[in-house]
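Text of entry.cif (mmCIF, C-alpha atoms and all ligand atoms) as supplied:
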data_data
loop_
_atom_site.label_atom_id
_atom_site.label_comp_id
_atom_site.auth_asym_id
_atom_site.auth_seq_id
_atom_site.Cartn_x
_atom_site.Cartn_y
_atom_site.Cartn_z
CA MET A 1 24.36 -22.18 57.15
CA LYS A 2 25.03 -24.90 54.66
CA PRO A 3 27.87 -27.28 53.90
CA TYR A 4 30.66 -25.22 52.36
CA LEU A 5 33.87 -25.55 50.41
CA ARG A 6 37.04 -25.86 52.47
CA GLU A 7 40.33 -24.47 51.40
CA LYS A 8 42.15 -27.71 51.76
CA ALA A 9 41.15 -31.36 51.57
CA PRO A 10 42.70 -33.64 54.18
CA ALA A 11 45.52 -35.45 52.42
CA ALA A 12 48.31 -36.27 54.83
CA PHE A 13 48.01 -39.47 56.81
CA ASP A 14 47.60 -37.70 60.15
CA GLU A 15 44.74 -35.59 58.70
CA ILE A 16 42.67 -38.68 57.92
CA PRO A 17 40.33 -39.55 60.79
CA GLU A 18 41.15 -42.54 62.90
CA PHE A 19 37.47 -43.27 63.50
CA PRO A 20 34.75 -43.27 60.83
CA SER A 21 33.36 -39.89 61.78
CA TYR A 22 34.18 -36.40 60.60
CA GLU A 23 32.94 -32.83 60.56
CA ALA A 24 29.47 -32.41 59.01
CA GLY A 25 29.06 -30.34 55.86
CA PHE A 26 32.66 -30.61 54.73
CA LEU A 27 33.00 -29.97 50.99
CA THR A 28 36.17 -30.15 48.99
CA THR A 29 34.93 -30.32 45.38
CA LYS A 30 32.44 -28.33 43.30
CA ASN A 31 29.78 -29.75 40.99
CA ALA A 32 29.96 -26.96 38.41
CA GLY A 33 31.83 -29.11 35.90
CA TRP A 34 28.82 -31.43 35.54
CA ARG A 35 26.83 -28.75 33.83
CA ASN A 36 26.18 -28.60 30.08
CA PHE A 37 23.64 -25.81 30.40
CA ARG A 38 23.58 -22.97 32.86
CA PRO A 39 20.30 -21.56 34.19
CA VAL A 40 20.36 -17.79 33.95
CA ILE A 41 17.80 -15.68 35.78
CA ASP A 42 16.39 -12.60 34.12
CA THR A 43 16.06 -10.28 37.11
CA LYS A 44 13.52 -8.14 35.27
CA LYS A 45 11.15 -11.07 34.93
CA CYS A 46 11.87 -12.68 38.32
CA ASN A 47 9.33 -11.70 40.98
CA GLY A 48 10.94 -13.63 43.82
CA CYS A 49 8.20 -16.26 44.19
CA MET A 50 10.98 -18.76 45.04
CA GLN A 51 9.25 -21.79 43.52
CA CYS A 52 12.54 -22.59 41.78
CA TYR A 53 14.29 -22.67 45.16
CA LEU A 54 11.66 -25.04 46.48
CA TYR A 55 12.16 -27.63 43.74
CA CYS A 56 15.92 -27.44 43.14
CA PRO A 57 17.28 -30.91 44.06
CA ASP A 58 20.64 -29.37 44.90
CA GLY A 59 19.37 -26.49 46.99
CA VAL A 60 21.55 -24.01 45.14
CA ILE A 61 18.95 -21.26 44.70
CA SER A 62 18.47 -18.63 47.37
CA GLU A 63 16.88 -15.21 47.65
CA LYS A 64 18.76 -11.96 47.46
CA ASP A 65 17.07 -8.54 47.33
CA GLY A 66 13.76 -10.14 46.39
CA LYS A 67 15.19 -12.12 43.47
CA ALA A 68 16.41 -15.68 43.00
CA VAL A 69 20.17 -16.20 42.78
CA ILE A 70 22.05 -19.37 41.89
CA ASP A 71 25.24 -20.79 43.41
CA TYR A 72 26.98 -21.88 40.22
CA ASP A 73 29.63 -23.78 42.15
CA PHE A 74 27.05 -26.46 42.87
CA CYS A 75 24.32 -26.11 40.21
CA LYS A 76 24.29 -29.16 37.93
CA GLY A 77 22.19 -27.60 35.20
CA CYS A 78 19.30 -30.08 35.45
CA GLY A 79 16.82 -27.48 34.21
CA ILE A 80 14.09 -28.20 36.77
CA CYS A 81 14.09 -24.54 37.86
CA ARG A 82 13.47 -23.40 34.30
CA LYS A 83 10.40 -25.62 33.98
CA ILE A 84 9.09 -24.63 37.41
CA CYS A 85 9.30 -20.88 36.78
CA LYS A 86 5.87 -19.72 35.65
CA PHE A 87 7.25 -16.32 34.68
CA ASN A 88 9.78 -17.59 32.15
CA ALA A 89 12.49 -15.82 34.08
CA ILE A 90 15.00 -18.65 33.68
CA GLU A 91 16.78 -19.59 30.50
CA MET A 92 19.28 -22.36 29.93
CA GLU A 93 22.45 -21.19 28.21
CA ALA A 94 25.00 -23.62 26.82
CA GLU A 95 28.25 -23.76 28.75
CA ILE A 96 31.27 -23.27 26.57
CA MET B 97 7.56 -22.56 52.44
CA SER B 98 7.50 -20.79 55.80
CA VAL B 99 8.08 -24.01 57.74
CA LEU B 100 11.37 -24.58 55.92
CA SER B 101 14.66 -23.70 57.50
CA LYS B 102 16.70 -21.27 55.40
CA ASP B 103 19.66 -23.56 55.97
CA GLU B 104 20.58 -26.29 53.53
CA PHE B 105 21.45 -29.66 55.06
CA PHE B 106 22.08 -31.67 51.90
CA TYR B 107 24.44 -29.69 49.73
CA GLY B 108 27.18 -30.41 47.25
CA HIS B 109 26.03 -34.01 46.94
CA LYS B 110 26.92 -36.13 43.94
CA ALA B 111 23.43 -37.29 42.92
CA CYS B 112 22.77 -37.20 39.18
CA ALA B 113 21.38 -33.90 37.91
CA GLY B 114 17.62 -33.80 38.50
CA CYS B 115 17.58 -36.58 41.11
CA GLY B 116 14.18 -36.84 42.81
CA GLY B 117 15.54 -38.68 45.84
CA SER B 118 17.93 -35.86 46.65
CA LEU B 119 15.06 -33.36 46.46
CA ALA B 120 13.07 -35.43 48.98
CA VAL B 121 16.01 -35.67 51.39
CA ARG B 122 16.85 -31.99 51.05
CA ILE B 123 13.29 -30.81 51.68
CA ALA B 124 12.61 -33.19 54.59
CA LEU B 125 15.75 -31.99 56.38
CA LYS B 126 14.75 -28.38 55.82
CA VAL B 127 11.49 -29.19 57.61
CA LEU B 128 13.12 -31.12 60.46
CA GLY B 129 16.05 -28.77 61.01
CA GLU B 130 19.52 -29.06 62.42
CA ARG B 131 18.61 -31.21 65.40
CA SER B 132 18.06 -34.23 63.19
CA ILE B 133 20.12 -37.33 63.06
CA ALA B 134 19.77 -38.86 59.63
CA VAL B 135 20.32 -42.53 58.94
CA LEU B 136 21.07 -43.57 55.39
CA PRO B 137 21.47 -47.20 54.43
CA ALA B 138 23.37 -48.37 51.37
CA GLY B 139 21.67 -46.80 48.35
CA CYS B 140 21.98 -43.72 46.22
CA MET B 141 21.49 -41.15 48.97
CA SER B 142 24.33 -42.47 51.10
CA ALA B 143 26.50 -43.04 48.05
CA VAL B 144 26.09 -39.45 46.88
CA GLY B 145 26.18 -37.87 50.33
CA PHE B 146 29.29 -39.37 51.86
CA ASN B 147 32.41 -39.47 49.70
CA PHE B 148 35.13 -38.66 52.16
CA PRO B 149 36.28 -35.92 52.34
CA GLN B 150 33.14 -34.59 50.56
CA LEU B 151 30.54 -34.85 53.37
CA CYS B 152 27.30 -33.30 52.18
CA PHE B 153 25.08 -33.47 55.24
CA GLY B 154 25.09 -30.34 57.36
CA ASN B 155 23.41 -32.16 60.25
CA ASN B 156 24.51 -35.35 61.98
CA ALA B 157 24.19 -38.22 59.54
CA ILE B 158 25.35 -41.80 59.45
CA ILE B 159 25.37 -44.71 57.03
CA SER B 160 23.67 -47.89 58.24
CA THR B 161 23.79 -51.40 56.91
CA PHE B 162 21.46 -51.94 53.98
CA ALA B 163 18.93 -53.81 56.11
CA GLY B 164 19.35 -51.81 59.28
CA THR B 165 17.87 -48.31 58.76
CA ALA B 166 15.08 -48.77 61.28
CA SER B 167 17.17 -50.61 63.87
CA MET B 168 19.86 -47.94 63.76
CA LEU B 169 17.18 -45.28 64.25
CA THR B 170 15.93 -47.25 67.26
CA GLY B 171 19.46 -47.39 68.65
CA ILE B 172 20.06 -43.67 68.14
CA ARG B 173 16.82 -42.82 69.91
CA ALA B 174 17.58 -45.16 72.80
CA GLY B 175 21.24 -44.17 73.11
CA LEU B 176 20.61 -40.45 73.22
CA LYS B 177 17.69 -40.95 75.59
CA ALA B 178 20.07 -42.70 77.97
CA LYS B 179 22.23 -39.59 77.78
CA GLY B 180 19.25 -37.41 78.57
CA ILE B 181 18.90 -36.00 75.04
CA GLU B 182 15.36 -36.13 73.71
CA ASP B 183 14.80 -32.98 71.65
CA PHE B 184 15.86 -34.20 68.24
CA HIS B 185 14.49 -36.10 65.26
CA ALA B 186 15.72 -39.56 64.38
CA VAL B 187 15.03 -39.73 60.65
CA GLY B 188 15.85 -42.43 58.14
CA PHE B 189 15.99 -42.10 54.36
CA ALA B 190 15.93 -45.48 52.69
CA GLY B 191 15.30 -46.48 49.10
CA ASP B 192 12.58 -48.80 47.86
CA GLY B 193 14.91 -51.80 47.94
CA GLY B 194 16.20 -50.84 51.38
CA THR B 195 12.64 -50.51 52.63
CA ALA B 196 10.32 -52.99 50.97
CA ASP B 197 12.86 -55.79 50.48
CA ILE B 198 15.89 -56.05 52.73
CA GLY B 199 14.91 -53.51 55.42
CA LEU B 200 11.31 -54.59 55.91
CA GLN B 201 11.97 -56.81 58.93
CA ALA B 202 13.82 -54.08 60.85
CA LEU B 203 11.14 -51.55 59.94
CA SER B 204 8.37 -53.90 61.04
CA GLY B 205 10.15 -54.46 64.36
CA ALA B 206 10.52 -50.74 64.99
CA ILE B 207 6.84 -50.10 64.23
CA ASP B 208 5.91 -53.00 66.50
CA ARG B 209 7.90 -51.44 69.38
CA ASN B 210 6.49 -48.03 68.41
CA ASP B 211 9.95 -46.48 68.60
CA ASP B 212 9.95 -42.71 68.26
CA ILE B 213 11.43 -42.44 64.77
CA LEU B 214 10.53 -41.07 61.36
CA TYR B 215 11.18 -43.43 58.48
CA ILE B 216 11.09 -41.94 54.99
CA CYS B 217 11.21 -44.23 51.99
CA TYR B 218 12.27 -42.36 48.85
CA ASP B 219 10.88 -44.59 46.17
CA ASN B 220 12.64 -44.51 42.80
CA GLU B 221 11.16 -47.91 41.98
CA ALA B 222 14.36 -49.94 41.58
CA TYR B 223 17.81 -50.60 43.00
CA MET B 224 19.34 -47.57 41.34
CA ASN B 225 22.70 -47.35 43.04
CA THR B 226 23.73 -50.75 41.75
CA GLY B 227 22.49 -50.13 38.24
CA ILE B 228 18.67 -50.47 38.04
CA GLN B 229 17.61 -53.88 39.33
CA LYS B 230 13.98 -54.71 40.12
CA SER B 231 12.77 -54.33 43.70
CA SER B 232 9.35 -55.25 45.07
CA LEU B 233 8.38 -51.61 44.50
CA THR B 234 9.16 -51.69 40.79
CA PRO B 235 5.83 -51.29 39.01
CA PHE B 236 4.32 -53.77 36.55
CA GLY B 237 5.80 -53.47 33.08
CA ALA B 238 8.93 -51.53 34.02
CA LYS B 239 12.13 -52.53 32.28
CA THR B 240 15.10 -53.01 34.62
CA THR B 241 18.36 -54.90 34.13
CA THR B 242 16.86 -57.91 35.92
CA THR B 243 13.46 -57.59 34.23
CA PRO B 244 14.41 -56.88 30.63
CA ALA B 245 11.80 -56.24 27.96
CA GLY B 246 11.78 -58.93 25.28
CA LYS B 247 9.37 -60.36 22.75
CA ASN B 248 7.59 -62.61 25.25
CA ILE B 249 8.07 -60.90 28.59
CA HIS B 250 7.53 -57.15 28.71
CA GLY B 251 9.57 -56.07 31.70
CA ASN B 252 8.53 -56.62 35.31
CA MET B 253 5.63 -59.07 35.60
CA ARG B 254 4.76 -58.38 39.23
CA PRO B 255 2.69 -55.53 40.65
CA LYS B 256 4.16 -52.93 43.00
CA LYS B 257 3.98 -53.88 46.67
CA ASN B 258 1.86 -51.51 48.76
CA MET B 259 4.31 -50.44 51.49
CA PHE B 260 2.03 -47.68 52.76
CA GLU B 261 -0.73 -50.13 53.59
CA ILE B 262 1.78 -52.63 54.99
CA ALA B 263 3.07 -49.97 57.40
CA ALA B 264 -0.52 -49.02 58.25
CA ALA B 265 -1.47 -52.64 58.91
CA HIS B 266 0.86 -52.54 61.94
CA GLY B 267 -1.43 -49.94 63.52
CA ILE B 268 1.31 -47.32 63.17
CA PRO B 269 0.56 -43.86 64.67
CA TYR B 270 1.14 -42.13 61.34
CA ALA B 271 1.81 -43.20 57.76
CA ALA B 272 1.53 -41.21 54.56
CA THR B 273 2.23 -41.30 50.86
CA ALA B 274 3.68 -38.33 49.01
CA SER B 275 5.31 -37.28 45.75
CA VAL B 276 8.12 -34.83 45.02
CA GLY B 277 5.77 -33.46 42.36
CA TYR B 278 3.48 -32.22 45.15
CA ILE B 279 6.17 -30.80 47.37
CA ASN B 280 3.91 -28.73 49.63
CA ASP B 281 1.91 -31.84 50.49
CA PHE B 282 5.18 -33.64 51.31
CA ILE B 283 6.35 -30.71 53.45
CA SER B 284 3.15 -30.69 55.50
CA LYS B 285 3.32 -34.45 56.02
CA VAL B 286 6.91 -34.33 57.26
CA LYS B 287 5.94 -31.43 59.51
CA LYS B 288 2.97 -33.31 60.89
CA ALA B 289 4.98 -36.50 61.42
CA SER B 290 7.68 -34.55 63.27
CA GLY B 291 5.14 -33.64 65.94
CA ILE B 292 3.83 -37.17 66.53
CA LYS B 293 5.36 -39.52 69.11
CA GLY B 294 6.02 -43.07 68.05
CA THR B 295 6.82 -44.52 64.66
CA LYS B 296 6.04 -42.52 61.55
CA TYR B 297 6.35 -43.76 57.97
CA ILE B 298 6.31 -41.56 54.86
CA HIS B 299 6.55 -43.04 51.39
CA VAL B 300 7.54 -40.47 48.79
CA ILE B 301 7.72 -41.10 45.05
CA ALA B 302 11.02 -39.72 43.86
CA PRO B 303 11.72 -40.20 40.15
CA CYS B 304 15.21 -41.08 38.98
CA PRO B 305 16.04 -39.64 35.54
CA THR B 306 18.79 -42.23 35.09
CA GLY B 307 16.67 -45.27 35.87
CA TRP B 308 13.34 -44.11 34.50
CA GLY B 309 14.68 -42.81 31.23
CA ILE B 310 13.46 -39.24 31.43
CA SER B 311 15.44 -36.07 30.98
CA THR B 312 16.85 -34.32 34.02
CA ASP B 313 14.32 -31.48 33.94
CA GLU B 314 11.28 -33.82 33.92
CA THR B 315 11.60 -35.22 37.45
CA VAL B 316 9.08 -32.96 39.12
CA GLU B 317 6.56 -33.08 36.27
CA ILE B 318 6.62 -36.85 36.05
CA ALA B 319 6.24 -37.18 39.84
CA LYS B 320 3.18 -34.95 39.59
CA GLU B 321 1.84 -36.86 36.62
CA ALA B 322 2.08 -40.15 38.52
CA VAL B 323 -0.49 -38.71 40.93
CA ASP B 324 -2.57 -37.05 38.22
CA CYS B 325 -2.94 -40.22 36.17
CA GLY B 326 -3.80 -42.18 39.32
CA THR B 327 -0.98 -44.75 39.40
CA TRP B 328 0.08 -43.11 42.69
CA TYR B 329 -2.08 -41.42 45.29
CA LEU B 330 -1.66 -38.97 48.16
CA ALA B 331 -3.06 -40.36 51.40
CA GLU B 332 -2.55 -40.62 55.15
CA PHE B 333 -3.20 -43.20 57.83
CA GLU B 334 -3.88 -41.91 61.30
CA ASN B 335 -5.92 -43.08 64.30
CA GLY B 336 -6.65 -46.31 62.51
CA GLU B 337 -8.17 -44.60 59.48
CA PHE B 338 -7.13 -44.02 55.90
CA ARG B 339 -7.70 -40.62 54.41
CA LEU B 340 -7.33 -39.55 50.80
CA ASN B 341 -5.74 -36.11 50.45
CA PHE B 342 -6.30 -35.46 46.78
CA ARG B 343 -8.42 -36.84 43.99
CA PRO B 344 -7.69 -35.75 40.42
CA LYS B 345 -10.92 -34.44 38.87
CA GLU B 346 -10.21 -36.63 35.90
CA PHE B 347 -7.25 -38.93 35.50
CA SER B 348 -4.70 -37.78 32.96
CA ASP B 349 -3.77 -40.25 30.23
CA ILE B 350 -1.91 -43.20 31.73
CA GLY B 351 -0.39 -44.21 28.39
CA GLU B 352 1.09 -40.76 27.99
CA TYR B 353 2.61 -40.93 31.47
CA LEU B 354 4.16 -44.31 30.68
CA LYS B 355 5.46 -43.50 27.22
CA LYS B 356 7.41 -40.49 28.48
CA GLN B 357 9.69 -42.91 30.35
CA SER B 358 12.00 -45.21 28.42
CA ARG B 359 11.53 -47.95 31.05
CA PHE B 360 7.92 -48.31 29.80
CA ARG B 361 8.34 -47.52 26.13
CA HIS B 362 8.12 -51.17 25.07
CA LEU B 363 4.64 -51.66 26.54
CA THR B 364 1.86 -52.77 24.19
CA ASP B 365 -1.68 -51.42 24.27
CA GLU B 366 -2.73 -54.57 26.13
CA ASP B 367 -0.03 -53.99 28.75
CA ILE B 368 -1.24 -50.44 29.24
CA LYS B 369 -4.80 -51.74 29.58
CA ILE B 370 -3.64 -54.04 32.41
CA ILE B 371 -2.06 -51.07 34.19
CA GLU B 372 -5.17 -48.99 33.68
CA ASN B 373 -7.39 -51.75 35.05
CA SER B 374 -5.25 -52.16 38.13
CA ARG B 375 -5.34 -48.41 38.68
CA ASN B 376 -9.15 -48.48 38.45
CA ALA B 377 -9.36 -51.39 40.90
CA LYS B 378 -7.11 -49.53 43.35
CA TRP B 379 -9.25 -46.42 43.16
CA GLU B 380 -12.38 -48.45 43.72
CA PHE B 381 -10.74 -49.75 46.90
CA ILE B 382 -9.76 -46.21 47.90
CA ASP B 383 -13.28 -44.91 47.31
CA ASN B 384 -14.70 -47.68 49.46
CA ASN B 385 -12.19 -47.60 52.29
CA PHE B 386 -10.56 -44.17 52.56
CA ARG B 387 -12.16 -41.08 54.11
CA LYS B 388 -12.13 -38.02 51.88
C1 LIG C 401 23.63 -56.39 52.46
C2 LIG C 401 23.91 -55.66 51.21
N1 LIG C 401 23.50 -56.18 50.04
C3 LIG C 401 23.71 -55.52 48.89
C4 LIG C 401 24.34 -54.30 48.91
C5 LIG C 401 24.61 -53.59 47.59
N2 LIG C 401 23.76 -52.43 47.38
C6 LIG C 401 24.17 -51.19 47.70
S1 LIG C 401 23.09 -49.99 47.29
C7 LIG C 401 22.03 -51.14 46.64
C8 LIG C 401 20.75 -50.70 45.97
C9 LIG C 401 19.85 -49.89 46.82
O1 LIG C 401 18.59 -49.75 46.23
P1 LIG C 401 17.49 -48.87 46.93
O2 LIG C 401 17.35 -49.24 48.34
O3 LIG C 401 16.25 -48.91 46.11
O4 LIG C 401 18.12 -47.41 46.89
P2 LIG C 401 18.56 -46.57 45.59
O5 LIG C 401 19.97 -46.97 45.27
O6 LIG C 401 17.61 -46.89 44.50
O7 LIG C 401 18.49 -45.16 46.01
C10 LIG C 401 22.54 -52.45 46.76
C11 LIG C 401 21.89 -53.65 46.27
C12 LIG C 401 24.76 -53.78 50.15
N3 LIG C 401 25.38 -52.59 50.24
N4 LIG C 401 24.53 -54.46 51.28
S1 LIG C 402 10.42 -19.29 39.96
FE1 LIG C 402 10.97 -17.69 38.48
S2 LIG C 402 9.95 -15.84 39.25
FE2 LIG C 402 9.97 -17.32 40.93
S3 LIG C 402 11.85 -16.80 42.05
FE3 LIG C 402 12.40 -18.41 40.59
S4 LIG C 402 13.15 -17.30 38.81
FE4 LIG C 402 12.04 -15.84 40.07
S1 LIG C 403 19.50 -26.18 36.96
FE1 LIG C 403 18.92 -27.69 38.51
S2 LIG C 403 20.61 -27.61 40.01
FE2 LIG C 403 20.76 -25.74 38.77
S3 LIG C 403 19.58 -24.23 39.92
FE3 LIG C 403 18.18 -25.11 38.42
S4 LIG C 403 17.15 -26.73 39.55
FE4 LIG C 403 18.99 -26.21 40.73
S1 LIG C 404 20.74 -43.04 39.89
FE1 LIG C 404 18.75 -42.06 40.19
S2 LIG C 404 18.34 -42.10 42.41
FE2 LIG C 404 20.55 -42.50 42.08
S3 LIG C 404 21.51 -40.47 42.25
FE3 LIG C 404 21.09 -40.82 40.08
S4 LIG C 404 19.06 -39.90 39.73
FE4 LIG C 404 19.32 -40.14 41.96
MG MG C 405 15.63 -47.44 44.71
#
Before we go any further, please render this structure as structure tokens.
Amino acid sequence: MKPYLREKAPAAFDEIPEFPSYEAGFLTTKNAGWRNFRPVIDTKKCNGCMQCYLYCPDGVISEKDGKAVIDYDFCKGCGICRKICKFNAIEMEAEI
Amino acid sequence: MSVLSKDEFFYGHKACAGCGGSLAVRIALKVLGERSIAVLPAGCMSAVGFNFPQLCFGNNAIISTFAGTASMLTGIRAGLKAKGIEDFHAVGFAGDGGTADIGLQALSGAIDRNDDILYICYDNEAYMNTGIQKSSLTPFGAKTTTTPAGKNIHGNMRPKKNMFEIAAAHGIPYAATASVGYINDFISKVKKASGIKGTKYIHVIAPCPTGWGISTDETVEIAKEAVDCGTWYLAEFENGEFRLNFRPKEFSDIGEYLKKQSRFRHLTDEDIKIIENSRNAKWEFIDNNFRK
């Protein structure tokens, strides 16, 4: 589990909590628009060591079928994963 | 890596790209797991984690007053105990300002009572959330908006306070230093602390690209370099004893470490010599007083 995007943000007055507490892990916006560069994983070079996952400040890398995959909804394009990868499996591509 | 939960508990947050503090919070929560109640005082991690309706903590989490991280942790522990709930972690994540300046009294009180809490200071070496003001954990020579670098005064004139040894001086059950550049060391320290009863204090260096003047992909490297050049060290305090966890075979170049960060770029050779001398004095102290 992780915090996830909801279909609808509370907007109407009666949807706003009366007390200062609310459901944990409630996301209504993505961070994808922050990115200037997109990390792209070369699955041929990736050996699934998951060091990139370990150091990603946003926690957007996970493992699928022995390879690293990125949740581009929330990746900010910081480039830490690219520097961490010892196998040069990650390249930063300009967003257009 | 095996001690980490597969779940993410700090996700979709609005920290700047490459933020070291958010990496520290994310990893610590993956060690501690879902049954953690996190307390975040005013500072970047609360500011980026709670922007209603974007609530980025997957576990229970609450914002405290700036000064009150430790006292809120105490209250959470006591309140849930009264309800018969004891199998959880009360964990605080406070910045350097929130810890070494305004929150020090509350922290000292909690350690004195030996409340069963884990206090993690993510140290980005200034008040970042309000725009880079000096704290008592800002290192000598660093340029901040309240310690500008001019012709006569070259940034911050005061040395960095040693919070790790201040926590230890209370006779705390467990205290440790860490760096997000040595993440496995940090993971094992959080794990160890989570199994100890009483107050635990972990001080983790967490670079801030925005305030340090590095690019967003340099956070981890620079956090590692701080340890490798000896301006920071990895150590623990337990059973009344200090222990050094890691000694670089040879220190990497301190000037190089400093010049990579725009907050230090104004430093003269003499300034760098002062920093080098204070590093050497610190390591002499470590060699004489810390177990290896
Ligand atoms: C009592 C009080 N004083 C001042 C502030 C304003 N304030 C909010 S965050 C912050 C800076 C926090 O610095 P630090 O603890 O180092 O955390 P960082 O932002 O660097 O993560 C300040 C001064 C406040 N919220 N409450
Ligand atoms: S660090 Fe590189 S090789 Fe390892 S999982 Fe990530 S992309 Fe793959
Ligand atoms: S670029 Fe940064 S945020 Fe995106 S996956 Fe890599 S480390 Fe994570
Ligand atoms: S200002 Fe620094 S500490 Fe604050 S969110 Fe940005 S990178 Fe993180
Ligand atoms: Mg700070």
Interatomic distance, atom CA of A:Ile70 to atom CA of A:Ile90 (Å, one decimal):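 It comes out at 10.8 Å.
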Residues of chain A that have any atom at most 6 Å from an atom of chain B: could you tabulate them with the shortest-distance atom pair and the distance in Å to one decimal, using only C-alpha atoms, ordered by chain and increasing number, as CSV?
residue,atom,partner,partner_atom,distance
A:Met1,CA,B:Asp103,CA,5.0
A:Lys2,CA,B:Glu104,CA,4.8
A:Pro3,CA,B:Gly154,CA,5.4
A:Ala24,CA,B:Gly154,CA,5.1
A:Gly25,CA,B:Gly154,CA,4.2
A:Phe26,CA,B:Leu151,CA,4.9
A:Leu27,CA,B:Gln150,CA,4.6
A:Thr28,CA,B:Gln150,CA,5.6
A:Pro57,CA,B:Leu119,CA,4.1
A:Phe74,CA,B:Gly108,CA,5.9
A:Lys76,CA,B:Ala113,CA,5.6
A:Cys78,CA,B:Ala113,CA,5.0
A:Gly79,CA,B:Asp313,CA,4.7
A:Ile80,CA,B:Asp313,CA,4.3
d(atom CA of A:Asp42, atom CA of A:Cys85) in Å: 11.2 Å
Please list as a PyMOL selection string every residue within 7 Å of A:Glu91, counting all atoms listed in the file and excluding residues in the same chain fewer than 3 positions away. chain A and resi 39-41+82
Would you save the residues of that selection, restricted to C-alpha atoms, as an mmCIF file, keeping the file's coordinate frame?
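After the write, again.cif holds the following:
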data_model
loop_
_atom_site.group_PDB
_atom_site.id
_atom_site.type_symbol
_atom_site.label_atom_id
_atom_site.label_comp_id
_atom_site.auth_asym_id
_atom_site.auth_seq_id
_atom_site.Cartn_x
_atom_site.Cartn_y
_atom_site.Cartn_z
ATOM 1 C CA PRO A 39 20.300 -21.560 34.190
ATOM 2 C CA VAL A 40 20.360 -17.790 33.950
ATOM 3 C CA ILE A 41 17.800 -15.680 35.780
ATOM 4 C CA ARG A 82 13.470 -23.400 34.300
#
Go ahead and find all residues with at least one atom no further than 6 Å from (16.7, -37.3, 60.0) in the file's coordinates, using only C-alpha atoms; report them as number ranges by chain. B: 132-134, 185-188
All residues 10 Å or closer to B:Phe189, all atoms listed in the file, same chain fewer than 5 positions away omitted, as a PyMOL selection string: chain B and resi 117+120-121+124+134-137+139+141-142+165-166+194-195+214-219+298-299
Need the shell around B:Asp197: protein/DNA/RNA residues with any atom at most 7 Å away, counting only C-alpha atoms. Skip same-chain ones fewer than 4 positions apart. Format as a list in words?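 Once the adjacent positions are removed, what remains is Gly193, Ser231 and Ser232 of chain B.
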Distance filter 6 Å around ligand MG 405 (chain C), atoms: all atoms listed in the file, out as a VMD selection string: chain B and resid 191 to 193 219 to 224
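Residue nearest A:Cys49 within the list A:Cys75, A:Ile84, A:Ala32, A:Ala94: A:Ile84 [criterion: smallest interatomic distance, only C-alpha atoms].
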Around all the atoms of stretch 220-225 of chain B listed in the file, draw an axis-aligned box and extend it by 3 Å on each of the six sides; I want its centre and edge lengths in Å to one decimal, as AutoDock Vina command-line options.
--center_x 16.9 --center_y -47.6 --center_z 42.2 --size_x 17.5 --size_y 12.1 --size_z 7.7
Pick the closest to ligand LIG 404 (chain C) from B:Leu330, B:Arg254, B:Gln229, B:Gly237: which is it, counting only C-alpha atoms and all ligand atoms?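 Smallest separation from ligand LIG 404 (chain C) among the options: B:Gln229.
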Residues within 6 Å of ligand LIG 402 (chain C) (only C-alpha atoms and all ligand atoms), as a list in words? Ile41, Cys46, Asn47, Gly48, Cys49, Met50, Gln51, Cys52, Lys67, Ala68, Cys85, Phe87, Ala89 and Ile90 of chain A
Give as a PyMOL selection string every residue, naming chains and numbers as the document does, that has an atom within 9 Å of (-5.6, -43.6, 29.1), counting only C-alpha atoms. chain B and resi 325+347-353+368-369+372
Please write the residues from the selection above to a file, keeping C-alpha atoms, as a tab-separated table (two decimals), in the frame of the given file.
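Final output, saved to part_32.tsv:
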chain	number	residue	atom	x	y	z
B	325	CYS	CA	-2.94	-40.22	36.17
B	347	PHE	CA	-7.25	-38.93	35.50
B	348	SER	CA	-4.70	-37.78	32.96
B	349	ASP	CA	-3.77	-40.25	30.23
B	350	ILE	CA	-1.91	-43.20	31.73
B	351	GLY	CA	-0.39	-44.21	28.39
B	352	GLU	CA	1.09	-40.76	27.99
B	353	TYR	CA	2.61	-40.93	31.47
B	368	ILE	CA	-1.24	-50.44	29.24
B	369	LYS	CA	-4.80	-51.74	29.58
B	372	GLU	CA	-5.17	-48.99	33.68
Residue with smallest distance to B:Lys296 - pool B:Met259, B:Ala271, B:Leu340, B:Ile283, counting all atoms listed in the file: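 Smallest distance to B:Lys296 is found for B:Ala271.
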Just to confirm, what's the straight-line distance from atom CA of A:Glu23 to atom CA of B:Lys126 in Å (one decimal)?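 Spanning atom CA of A:Glu23 to atom CA of B:Lys126 is a straight-line distance of 19.3 Å.
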